[in-house]
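Trainee: start31.tsv is reproduced in full below (TSV, C-alpha atoms).
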chain	number	residue	atom	x	y	z
H	363	MET	CA	44.34	286.55	-56.10
H	364	TRP	CA	41.67	289.16	-55.40
H	365	ILE	CA	39.12	287.37	-57.58
H	366	ARG	CA	39.90	284.14	-55.77
H	367	CYS	CA	39.63	286.02	-52.45
H	368	ALA	CA	36.10	287.05	-53.28
H	369	ILE	CA	35.14	283.49	-54.22
H	370	LEU	CA	36.69	282.09	-51.07
H	371	MET	CA	35.10	284.75	-48.89
H	372	LEU	CA	31.65	283.85	-50.17
H	373	MET	CA	32.33	280.15	-49.71
H	374	PHE	CA	33.58	280.52	-46.18
H	375	LEU	CA	30.87	282.93	-45.10
H	376	SER	CA	28.22	280.75	-46.57
H	377	THR	CA	29.55	277.70	-44.68
H	378	THR	CA	29.96	279.68	-41.65
H	379	VAL	CA	83.74	293.88	-36.21
H	380	LYS	CA	87.18	294.09	-37.44
H	381	SER	CA	88.55	292.63	-40.64
H	382	ALA	CA	91.21	293.39	-43.17
H	383	ASN	CA	90.63	294.04	-46.85
H	384	VAL	CA	87.32	292.19	-46.94
H	385	VAL	CA	85.69	294.59	-49.36
H	386	ASP	CA	88.43	296.01	-51.52
H	387	ASP	CA	87.42	297.64	-54.78
H	388	LEU	CA	83.80	298.09	-53.86
H	389	PRO	CA	81.56	298.72	-56.86
H	390	LYS	CA	79.69	301.97	-56.94
H	391	PRO	CA	76.21	301.80	-55.38
H	392	ALA	CA	73.75	300.29	-57.80
H	393	ALA	CA	71.25	302.45	-59.54
H	394	ALA	CA	67.62	301.60	-58.84
H	395	PRO	CA	67.11	297.94	-59.76
H	396	TYR	CA	64.14	299.02	-61.81
H	397	ALA	CA	62.04	302.12	-62.34
H	398	LEU	CA	58.50	301.19	-61.38
H	399	SER	CA	57.03	304.18	-63.14
H	400	LYS	CA	57.27	307.90	-63.63
H	401	SER	CA	54.78	308.33	-60.82
H	402	GLY	CA	54.95	308.04	-57.08
H	403	VAL	CA	57.06	304.99	-56.15
H	404	PRO	CA	60.68	305.84	-55.34
H	405	VAL	CA	63.23	304.63	-57.86
H	406	SER	CA	66.22	305.15	-55.61
H	407	ALA	CA	68.64	302.32	-54.92
H	408	ASP	CA	67.53	302.18	-51.29
H	409	TYR	CA	63.87	301.42	-52.05
H	410	PHE	CA	62.57	297.87	-51.72
H	411	PRO	CA	58.86	297.25	-52.45
H	412	ILE	CA	56.98	295.91	-49.42
H	413	ALA	CA	53.35	295.58	-50.44
H	414	VAL	CA	50.02	294.37	-49.12
H	415	TRP	CA	47.36	292.73	-51.26
H	416	LEU	CA	43.83	294.09	-51.76
H	417	GLN	CA	43.30	296.11	-48.62
H	418	GLU	CA	41.03	299.01	-47.76
H	419	PRO	CA	42.72	302.40	-48.33
H	420	ARG	CA	41.52	303.60	-44.92
H	421	ASN	CA	43.97	301.17	-43.31
H	422	ALA	CA	46.98	302.61	-45.14
H	423	PRO	CA	48.30	304.51	-42.07
H	424	LYS	CA	48.28	301.30	-40.03
H	425	TYR	CA	50.10	299.45	-42.75
H	426	LYS	CA	52.63	302.25	-43.15
H	427	ALA	CA	53.30	301.98	-39.42
H	428	ILE	CA	54.54	298.39	-39.93
H	429	GLY	CA	56.65	299.20	-42.98
H	430	ILE	CA	54.27	298.65	-45.88
H	431	ASN	CA	55.10	301.06	-48.71
H	432	LEU	CA	52.81	299.88	-51.52
H	433	TYR	CA	49.23	298.69	-52.09
H	434	ILE	CA	48.39	296.16	-54.78
H	435	GLY	CA	44.77	295.81	-55.86
H	436	LEU	CA	41.64	297.77	-54.94
H	437	TRP	CA	38.33	296.03	-54.29
H	438	LYS	CA	35.92	296.96	-57.09
H	439	GLY	CA	38.30	299.78	-57.96
H	440	PRO	CA	40.00	301.98	-58.60
H	441	THR	CA	37.43	304.54	-57.53
H	442	ALA	CA	37.89	308.26	-56.99
H	443	GLY	CA	37.30	307.80	-53.27
H	444	GLN	CA	39.86	305.02	-52.93
H	445	LEU	CA	42.50	307.04	-54.75
H	446	ALA	CA	41.73	310.15	-52.69
H	447	ASP	CA	42.31	308.19	-49.50
H	448	LEU	CA	45.58	306.74	-50.78
H	449	GLU	CA	46.72	310.20	-51.84
H	450	LYS	CA	45.87	311.53	-48.38
H	451	PHE	CA	47.99	308.82	-46.80
H	452	SER	CA	50.76	308.96	-49.47
H	453	MET	CA	50.38	305.27	-50.22
H	454	PRO	CA	51.14	304.38	-53.87
H	455	VAL	CA	49.08	301.68	-55.51
H	456	ILE	CA	49.16	299.22	-58.40
H	457	CYS	CA	45.62	298.52	-59.57
H	458	GLU	CA	43.49	297.50	-62.53
H	459	GLN	CA	43.78	299.88	-65.44
H	460	ASP	CA	41.22	302.66	-65.67
H	461	LEU	CA	42.37	305.40	-68.01
H	462	ALA	CA	39.98	307.86	-66.38
H	463	PHE	CA	42.58	307.96	-63.58
H	464	ARG	CA	45.65	307.91	-65.78
H	465	ASP	CA	46.89	311.26	-64.45
H	466	ARG	CA	46.69	310.24	-60.79
H	467	LYS	CA	50.31	309.95	-59.72
H	468	ILE	CA	49.39	307.75	-56.77
H	469	ILE	CA	48.86	304.95	-59.31
H	470	VAL	CA	52.29	303.54	-60.07
H	471	GLY	CA	51.41	300.45	-62.05
H	472	TRP	CA	48.65	298.37	-63.62
H	473	MET	CA	47.75	294.76	-62.95
H	474	HIS	CA	46.36	291.77	-64.76
H	475	GLY	CA	43.45	289.78	-63.35
H	476	ASP	CA	44.81	287.53	-60.65
H	477	GLU	CA	46.10	283.98	-61.19
H	478	PRO	CA	45.18	283.49	-64.85
H	479	ASP	CA	47.20	280.26	-64.77
H	480	ASN	CA	44.57	278.61	-62.56
H	481	ALA	CA	41.32	276.99	-63.70
H	482	GLN	CA	38.74	279.75	-64.20
H	483	GLU	CA	35.26	279.67	-62.70
H	484	LEU	CA	32.57	279.33	-65.36
H	485	GLY	CA	29.80	280.85	-63.27
H	486	GLY	CA	26.25	279.72	-62.81
H	487	GLY	CA	27.34	276.73	-60.79
H	488	LYS	CA	28.99	275.15	-63.82
H	489	GLY	CA	32.32	274.58	-62.14
H	490	TYR	CA	35.67	275.52	-63.63
H	491	GLY	CA	37.07	275.71	-67.12
H	492	PRO	CA	40.69	275.87	-68.27
H	493	PRO	CA	43.12	278.60	-67.25
H	494	VAL	CA	43.30	281.81	-69.23
H	495	SER	CA	45.45	281.08	-72.26
H	496	THR	CA	49.00	282.37	-72.38
H	497	GLU	CA	48.15	284.09	-75.66
H	498	ALA	CA	45.30	286.00	-74.01
H	499	VAL	CA	47.55	287.17	-71.17
H	500	VAL	CA	50.19	288.42	-73.60
H	501	ALA	CA	47.54	290.16	-75.70
H	502	GLU	CA	46.12	291.85	-72.60
H	503	TYR	CA	49.62	293.00	-71.62
H	504	ALA	CA	50.09	294.56	-75.05
H	505	LYS	CA	46.76	296.34	-74.67
H	506	LEU	CA	47.63	297.69	-71.22
H	507	LYS	CA	51.05	298.90	-72.37
H	508	LYS	CA	49.66	300.54	-75.48
H	509	ALA	CA	47.11	302.43	-73.40
H	510	ASP	CA	49.78	303.58	-70.93
H	511	PRO	CA	53.43	302.81	-71.63
H	512	THR	CA	54.59	304.90	-68.63
H	513	ARG	CA	53.61	302.37	-65.97
H	514	PRO	CA	54.69	298.76	-65.45
H	515	VAL	CA	52.26	295.85	-65.55
H	516	ILE	CA	52.33	293.23	-62.82
H	517	LEU	CA	51.17	289.65	-63.34
H	518	ASN	CA	50.50	287.55	-60.25
H	519	LEU	CA	50.50	283.81	-60.86
H	520	GLY	CA	49.29	280.96	-58.67
H	521	GLN	CA	51.02	278.23	-56.74
H	522	GLY	CA	51.62	276.11	-59.83
H	523	VAL	CA	54.78	278.20	-60.24
H	524	ALA	CA	56.33	276.16	-57.42
H	525	PHE	CA	53.96	273.18	-57.10
H	526	ASP	CA	53.58	271.31	-60.39
H	527	ASP	CA	50.88	268.97	-59.09
H	528	TYR	CA	48.55	271.76	-57.94
H	529	ILE	CA	45.03	270.58	-58.69
H	530	GLY	CA	43.77	274.14	-59.06
H	531	ARG	CA	45.35	274.36	-62.51
H	532	GLY	CA	42.74	271.94	-63.83
H	533	VAL	CA	43.58	270.64	-67.28
H	534	ARG	CA	46.99	272.37	-67.14
H	535	ARG	CA	48.05	270.58	-63.96
H	536	ASN	CA	51.69	269.45	-64.21
H	537	LYS	CA	52.31	271.76	-67.16
H	538	PRO	CA	55.13	274.06	-65.96
H	539	GLU	CA	56.04	274.75	-69.58
H	540	ASP	CA	53.18	277.29	-69.62
H	541	TYR	CA	54.95	279.70	-67.33
H	542	PRO	CA	57.62	281.22	-69.58
H	543	LYS	CA	54.78	282.09	-71.95
H	544	TYR	CA	52.73	283.73	-69.20
H	545	ILE	CA	55.74	285.70	-67.98
H	546	ALA	CA	56.08	287.32	-71.41
H	547	GLY	CA	52.92	289.26	-70.56
H	548	SER	CA	54.43	291.26	-67.70
H	549	ASP	CA	57.01	293.74	-66.51
H	550	ILE	CA	56.83	292.49	-62.94
H	551	VAL	CA	55.91	288.85	-62.31
H	552	SER	CA	54.82	287.54	-58.93
H	553	PHE	CA	53.35	284.34	-57.52
H	554	ASP	CA	51.79	283.00	-54.34
H	555	ILE	CA	52.16	279.78	-52.39
H	556	TYR	CA	51.51	279.47	-48.66
H	557	PRO	CA	53.22	276.35	-47.29
H	558	ALA	CA	52.71	277.01	-43.57
H	559	THR	CA	48.93	276.85	-44.02
H	560	HIS	CA	48.82	274.53	-47.03
H	561	ASP	CA	46.55	271.49	-47.01
H	562	ALA	CA	48.50	269.35	-49.49
H	563	PRO	CA	50.94	266.98	-47.71
H	564	ALA	CA	53.57	267.58	-50.39
H	565	VAL	CA	53.67	271.29	-49.54
H	566	ALA	CA	52.44	271.67	-45.94
H	567	GLY	CA	55.22	272.98	-43.74
H	568	ASN	CA	57.76	272.97	-46.57
H	569	LEU	CA	58.72	276.63	-46.60
H	570	TRP	CA	61.28	276.03	-49.33
H	571	PHE	CA	58.50	276.05	-51.92
H	572	VAL	CA	58.54	279.85	-51.61
H	573	PRO	CA	62.15	280.38	-52.76
H	574	LYS	CA	61.71	277.55	-55.26
H	575	GLY	CA	59.02	279.59	-57.01
H	576	VAL	CA	61.16	282.72	-56.98
H	577	SER	CA	64.07	280.83	-58.52
H	578	ARG	CA	61.84	279.34	-61.19
H	579	LEU	CA	60.42	282.72	-62.19
H	580	ARG	CA	63.95	284.09	-62.51
H	581	GLU	CA	65.01	281.10	-64.60
H	582	TRP	CA	61.92	281.13	-66.80
H	583	SER	CA	62.24	284.87	-67.40
H	584	LYS	CA	66.00	284.64	-67.94
H	585	ASP	CA	66.27	287.39	-65.31
H	586	GLU	CA	64.71	289.81	-67.76
H	587	LYS	CA	61.65	290.48	-65.58
H	588	VAL	CA	61.38	291.86	-62.08
H	589	VAL	CA	60.34	289.03	-59.76
H	590	TRP	CA	58.21	289.54	-56.65
H	591	ASN	CA	56.38	287.03	-54.47
H	592	CYS	CA	53.57	286.81	-51.94
H	593	ILE	CA	53.95	285.95	-48.26
H	594	GLU	CA	51.42	284.36	-45.90
H	595	CYS	CA	50.84	285.88	-42.45
H	596	THR	CA	47.37	284.68	-41.31
H	597	HIS	CA	45.31	281.49	-41.07
H	598	ILE	CA	44.01	282.29	-44.59
H	599	GLY	CA	41.60	279.34	-44.86
H	600	ASN	CA	43.27	276.94	-42.43
H	601	GLU	CA	41.36	277.12	-39.17
H	602	LYS	CA	43.89	274.97	-37.32
H	603	VAL	CA	47.18	276.42	-38.48
H	604	LYS	CA	48.70	279.81	-39.07
H	605	PRO	CA	52.32	280.73	-39.78
H	606	THR	CA	54.52	281.71	-36.87
H	607	PRO	CA	56.47	284.99	-36.95
H	608	ALA	CA	59.63	282.92	-37.40
H	609	GLN	CA	58.16	281.17	-40.44
H	610	VAL	CA	57.11	284.48	-41.99
H	611	LYS	CA	60.62	285.86	-41.43
H	612	SER	CA	62.11	282.76	-43.04
H	613	GLU	CA	59.81	282.94	-46.06
H	614	VAL	CA	60.64	286.63	-46.58
H	615	TRP	CA	64.40	286.25	-46.35
H	616	MET	CA	64.52	282.99	-48.29
H	617	SER	CA	62.69	284.87	-51.04
H	618	ILE	CA	65.19	287.72	-51.01
H	619	ILE	CA	68.13	285.31	-50.96
H	620	ALA	CA	66.60	283.57	-53.99
H	621	GLY	CA	66.41	286.90	-55.81
H	622	SER	CA	62.98	288.32	-55.11
H	623	ARG	CA	62.94	292.11	-55.54
H	624	GLY	CA	59.66	292.78	-53.76
H	625	VAL	CA	57.40	291.05	-51.24
H	626	VAL	CA	53.62	291.17	-51.01
H	627	TYR	CA	51.84	290.23	-47.78
H	628	PHE	CA	48.53	288.41	-48.15
H	629	SER	CA	46.62	289.84	-45.19
H	630	HIS	CA	43.17	288.26	-45.58
H	631	GLU	CA	41.87	285.64	-43.19
H	632	PHE	CA	38.82	283.51	-44.05
H	633	LYS	CA	38.76	281.10	-41.12
H	634	PRO	CA	37.93	280.86	-38.30
H	635	LYS	CA	36.12	284.02	-39.45
H	636	PHE	CA	36.52	286.49	-42.28
H	637	ILE	CA	38.85	289.39	-41.51
H	638	GLU	CA	40.01	291.51	-44.41
H	639	ALA	CA	42.92	293.03	-42.49
H	640	GLY	CA	43.85	289.81	-40.74
H	641	LEU	CA	47.46	290.88	-40.36
H	642	LEU	CA	46.50	294.05	-38.52
H	643	ALA	CA	44.12	292.12	-36.28
H	644	ASP	CA	46.96	289.87	-35.05
H	645	LYS	CA	49.06	292.07	-32.76
H	646	GLU	CA	51.92	289.60	-32.42
H	647	MET	CA	52.19	289.03	-36.17
H	648	ALA	CA	51.81	292.72	-37.00
H	649	GLU	CA	54.68	293.57	-34.66
H	650	ALA	CA	56.82	290.79	-36.12
H	651	VAL	CA	56.10	291.84	-39.70
H	652	GLY	CA	56.92	295.41	-38.71
H	653	GLN	CA	60.34	294.30	-37.49
H	654	ILE	CA	60.96	292.24	-40.63
H	655	ASN	CA	60.02	295.20	-42.82
H	656	LYS	CA	62.15	297.59	-40.77
H	657	ARG	CA	65.19	295.40	-41.34
H	658	ILE	CA	64.47	295.01	-45.06
H	659	THR	CA	64.17	298.77	-45.42
H	660	SER	CA	67.41	299.38	-43.53
H	661	LEU	CA	69.19	296.91	-45.83
H	662	ALA	CA	67.41	297.87	-49.06
H	663	ALA	CA	70.48	299.52	-50.58
H	664	VAL	CA	72.48	296.39	-49.76
H	665	ILE	CA	69.85	294.07	-51.24
H	666	ASN	CA	69.67	296.17	-54.40
H	667	SER	CA	73.44	296.27	-54.86
H	668	PRO	CA	75.19	293.85	-57.23
H	669	THR	CA	75.45	290.26	-56.05
H	670	VAL	CA	79.03	289.09	-55.48
H	671	SER	CA	78.78	285.37	-56.11
H	672	ASP	CA	82.43	284.61	-55.36
H	673	LEU	CA	82.50	286.41	-52.01
H	674	ALA	CA	81.73	283.32	-49.97
H	675	ARG	CA	80.96	279.61	-50.10
H	676	VAL	CA	78.98	277.66	-47.53
H	677	ASP	CA	78.98	273.98	-46.60
H	678	SER	CA	76.32	272.23	-44.53
H	679	SER	CA	77.21	269.51	-42.03
H	680	ASN	CA	73.80	267.92	-42.64
H	681	LYS	CA	73.21	266.75	-46.20
H	682	ASP	CA	69.46	266.86	-45.57
H	683	VAL	CA	69.59	270.58	-44.79
H	684	PRO	CA	70.96	272.46	-47.79
H	685	LEU	CA	71.88	276.09	-47.30
H	686	SER	CA	71.34	279.09	-49.52
H	687	ILE	CA	73.29	282.33	-49.38
H	688	LEU	CA	73.25	285.77	-50.99
H	689	CYS	CA	76.45	287.82	-50.93
H	690	LYS	CA	76.73	291.58	-51.28
H	691	LYS	CA	79.25	294.39	-50.87
H	692	HIS	CA	77.99	297.81	-49.97
H	693	GLY	CA	79.14	300.92	-48.13
H	694	GLY	CA	82.46	299.50	-47.03
H	695	SER	CA	81.09	296.22	-45.71
H	696	ALA	CA	80.47	292.69	-46.90
H	697	TYR	CA	77.14	290.98	-46.27
H	698	ILE	CA	76.19	287.31	-46.34
H	699	PHE	CA	72.51	286.45	-45.99
H	700	ALA	CA	72.02	282.75	-45.21
H	701	ALA	CA	69.03	280.45	-44.80
H	702	GLY	CA	68.48	276.81	-43.98
H	703	MET	CA	66.34	275.35	-46.73
H	704	ARG	CA	64.82	272.48	-44.75
H	705	ASP	CA	63.30	272.09	-41.30
H	706	GLY	CA	66.36	270.59	-39.64
H	707	GLU	CA	69.54	271.48	-37.82
H	708	THR	CA	72.97	271.91	-39.35
H	709	THR	CA	76.32	273.53	-38.82
H	710	ALA	CA	77.28	275.95	-41.56
H	711	THR	CA	80.89	276.60	-42.46
H	712	PHE	CA	81.35	279.81	-44.42
H	713	ALA	CA	84.53	280.15	-46.46
H	714	VAL	CA	85.29	283.79	-47.17
H	715	PRO	CA	88.71	284.01	-48.86
H	716	SER	CA	89.16	287.71	-48.08
H	717	LEU	CA	88.72	287.19	-44.32
H	718	LYS	CA	91.85	287.25	-42.21
H	719	GLY	CA	92.37	285.64	-38.84
H	720	GLY	CA	90.63	287.40	-35.98
H	721	ALA	CA	88.05	289.11	-38.17
H	722	LYS	CA	84.73	289.68	-36.44
H	723	VAL	CA	81.48	288.81	-38.16
H	724	GLU	CA	78.40	290.62	-36.85
H	725	VAL	CA	75.16	288.65	-36.81
H	726	ILE	CA	72.60	291.36	-37.47
H	727	ASP	CA	69.72	291.60	-34.96
H	728	GLU	CA	71.14	288.81	-32.79
H	729	ASP	CA	73.49	290.79	-30.52
H	730	ARG	CA	76.44	288.52	-31.19
H	731	THR	CA	79.61	288.28	-33.23
H	732	ILE	CA	81.55	285.34	-34.59
H	733	SER	CA	85.34	285.16	-34.87
H	734	ALA	CA	86.76	284.09	-38.19
H	735	GLU	CA	89.80	281.85	-38.41
H	736	GLY	CA	91.68	280.94	-41.55
H	737	GLY	CA	89.21	282.66	-43.83
H	738	LYS	CA	86.28	280.77	-42.34
H	739	PHE	CA	83.57	281.17	-39.73
H	740	VAL	CA	81.08	278.67	-38.38
H	741	ASP	CA	77.48	279.02	-37.19
H	742	SER	CA	74.50	276.78	-36.49
H	743	LEU	CA	71.13	276.96	-38.22
H	744	LYS	CA	67.98	275.24	-37.04
H	745	GLY	CA	64.46	275.00	-38.45
H	746	TYR	CA	64.57	277.23	-41.54
H	747	ALA	CA	66.73	279.70	-39.63
H	748	VAL	CA	67.89	282.87	-41.33
H	749	HIS	CA	71.06	284.69	-40.31
H	750	LEU	CA	72.24	288.02	-41.71
H	751	TYR	CA	76.01	288.48	-41.46
H	752	LYS	CA	77.97	291.71	-41.80
H	753	VAL	CA	81.72	292.11	-42.02
H	754	ALA	CA	82.92	295.69	-41.84
H	755	ALA	CA	86.10	296.81	-43.57
H	756	GLU	CA	88.97	297.70	-41.27
Could you show the structure in this file as structure tokens?

Mentor:
Amino acid sequence: MWIRCAILMLMFLSTTVKSANVVDDLPKPAAAPYALSKSGVPVSADYFPIAVWLQEPRNAPKYKAIGINLYIGLWKGPTAGQLADLEKFSMPVICEQDLAFRDRKIIVGWMHGDEPDNAQELGGGKGYGPPVSTEAVVAEYAKLKKADPTRPVILNLGQGVAFDDYIGRGVRRNKPEDYPKYIAGSDIVSFDIYPATHDAPAVAGNLWFVPKGVSRLREWSKDEKVVWNCIECTHIGNEKVKPTPAQVKSEVWMSIIAGSRGVVYFSHEFKPKFIEAGLLADKEMAEAVGQINKRITSLAAVINSPTVSDLARVDSSNKDVPLSILCKKHGGSAYIFAAGMRDGETTATFAVPSLKGGAKVEVIDEDRTISAEGGKFVDSLKGYAVHLYKVAAE
């Protein structure tokens, strides 16, 4: 992504409750879902990575203030000055491998070059060639791990993960079979697609492409890799459209419900003018992202706990608006995270066998509760709505 950012930047600049026995036999709190490294990132069960892509270290305090806890990528880095700034602000980073800085604990992982699955620029005005081969990515991963086996390697892939017909893959367009081979060259695999600002009619406005990509990465990796994903929060290159705070919230929670274990905000904006820290420049969005991140952090231990697939079932009254849920038990309570997967309205009926009549279901952050009857409760969802439900044990 950062290489593509540089190319795009030049292009754009040049073209100017009460319940009974709901959570019996709770499992013990999960251990950390993964150990990022032996360096600075927490490995506790209540840590959830909330990152920002390719930003200046001097802005780390501002990002920390809205809940960012990790940097990914350093422009023309890492450099000693960049790392010194990140150390001063206690902001861990994943960056390109430079063994001269191997002992710097602020570096918690290494990264591949961005989006190797996309057509690669040939330079000299010669256009684009094929993507980086899967064999080359796996070989590079082996090299990075041999040089430093103590840190994980992240691979960020492009939108072809979710959108098969993406033209940017060049000769490998409509070749999803490449992806399991790419994934083999990573410890953490991520991808980016930005439907709110997308220019392709098949994707534009269809936020469900985000969780689709997460689900595919989990399937292709057989859940043997840690899956993260990127989130849009600016115009990026779409001068007319930018995501709303509600859309960003939906993309984030749909990702988590699909099984993402880390989110990465893409903060750059290229139009109507270039702003590196576009997220910070948008007060409304920065405040909204801060609230989203605050809630993720408060629920991190819940998100990282084992999924309880048989806790609940949900039915949608509108066949054109499927619903997705993630069920957890943690700290004496049951949690159901739910999202509408299409831009429409539906009534959701949640069947929770352990619920007894009169149980109260708290809707987190919405200052309301729902009464359960006969092991069920009902709620409405509209326009990619996300609701976070909590049922406390009696």

Trainee: With only C-alpha atoms as the basis for distance, which of H:Arg623, H:His560, H:Lys574, H:Arg535 is at the shortest distance from Glu601 (chain H)?

Mentor: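 Answer, going by the shortest atom-to-atom distance: H:His560.
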
Trainee: Could you check which of H:Glu707, H:Val589, H:Gln417, H:Tyr541 is closest to Glu631 (chain H), using all atoms listed in the file?

Mentor: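 Looking at the shortest contact to Glu631 (chain H), the residue is H:Gln417.
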
Trainee: Identify, on the basis of only C-alpha atoms, every residue whose closest approach to Ile726 (chain H) does not exceed 10 Å; exclude the query and any residue fewer than 2 positions from it along the same chain; express the result as a PDB file with C-alpha atoms, in the frame of the given file.

Mentor:
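So the final result, stored in around-v1.pdb, reads:
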ATOM      1  CA  ARG H 657      65.190 295.400 -41.340  1.00  0.00           C
ATOM      2  CA  TYR H 697      77.140 290.980 -46.270  1.00  0.00           C
ATOM      3  CA  PHE H 699      72.510 286.450 -45.990  1.00  0.00           C
ATOM      4  CA  VAL H 723      81.480 288.810 -38.160  1.00  0.00           C
ATOM      5  CA  GLU H 724      78.400 290.620 -36.850  1.00  0.00           C
ATOM      6  CA  GLU H 728      71.140 288.810 -32.790  1.00  0.00           C
ATOM      7  CA  ASP H 729      73.490 290.790 -30.520  1.00  0.00           C
ATOM      8  CA  ARG H 730      76.440 288.520 -31.190  1.00  0.00           C
ATOM      9  CA  THR H 731      79.610 288.280 -33.230  1.00  0.00           C
ATOM     10  CA  HIS H 749      71.060 284.690 -40.310  1.00  0.00           C
ATOM     11  CA  LEU H 750      72.240 288.020 -41.710  1.00  0.00           C
ATOM     12  CA  TYR H 751      76.010 288.480 -41.460  1.00  0.00           C
ATOM     13  CA  LYS H 752      77.970 291.710 -41.800  1.00  0.00           C
TER      14      LYS H 752
END

Trainee: What is the distance, in Å and to one decimal place, between CA of Glu594 (chain H) and CA of Tyr627 (chain H)?

Mentor: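 Going from CA of Glu594 (chain H) over to CA of Tyr627 (chain H), I get 6.2 Å.
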
Trainee: At a cut-off of 7 Å, using only C-alpha atoms, what residues contact region 424-428 of chain H? Leave out same-chain residues fewer than 5 positions from it and give the result as a ChimeraX atom specification.

Mentor: /H:648,651-652,655

Trainee: Could you list, with a cut-off of 7 Å and counting only C-alpha atoms, the residues of region 620-732 of chain H near region 566-573 of chain H, each shown with its nearest atom pair and the distance in Å rounded to one decimal, rows sorted by chain and ascending number, as a Markdown table?

Mentor:
| residue | atom | partner | partner_atom | distance |
| --- | --- | --- | --- | --- |
| H:Ala620 | CA | H:Pro573 | CA | 5.6 |
| H:Met703 | CA | H:Trp570 | CA | 5.7 |
| H:Arg704 | CA | H:Trp570 | CA | 6.8 |

Trainee: How far is it from CA of Tyr409 (chain H) to CA of Met616 (chain H), in Å with one decimal?

Mentor: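 For CA of Tyr409 (chain H) relative to CA of Met616 (chain H), the distance reads 18.8 Å.
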
Trainee: Would you please work out which residue, of H:Leu642, H:Leu448, H:Val683, H:Val725, is nearest to Val470 (chain H) when using all atoms listed in the file?

Mentor: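 Answer, going by the shortest atom-to-atom distance: H:Leu448.
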
Trainee: So the first atom is CA of Tyr433 (chain H) and the second is CA of Val551 (chain H); what is the distance between them in Å, to one decimal place?

Mentor: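 One can read the CA of Tyr433 (chain H) to CA of Val551 (chain H) distance as 15.7 Å.
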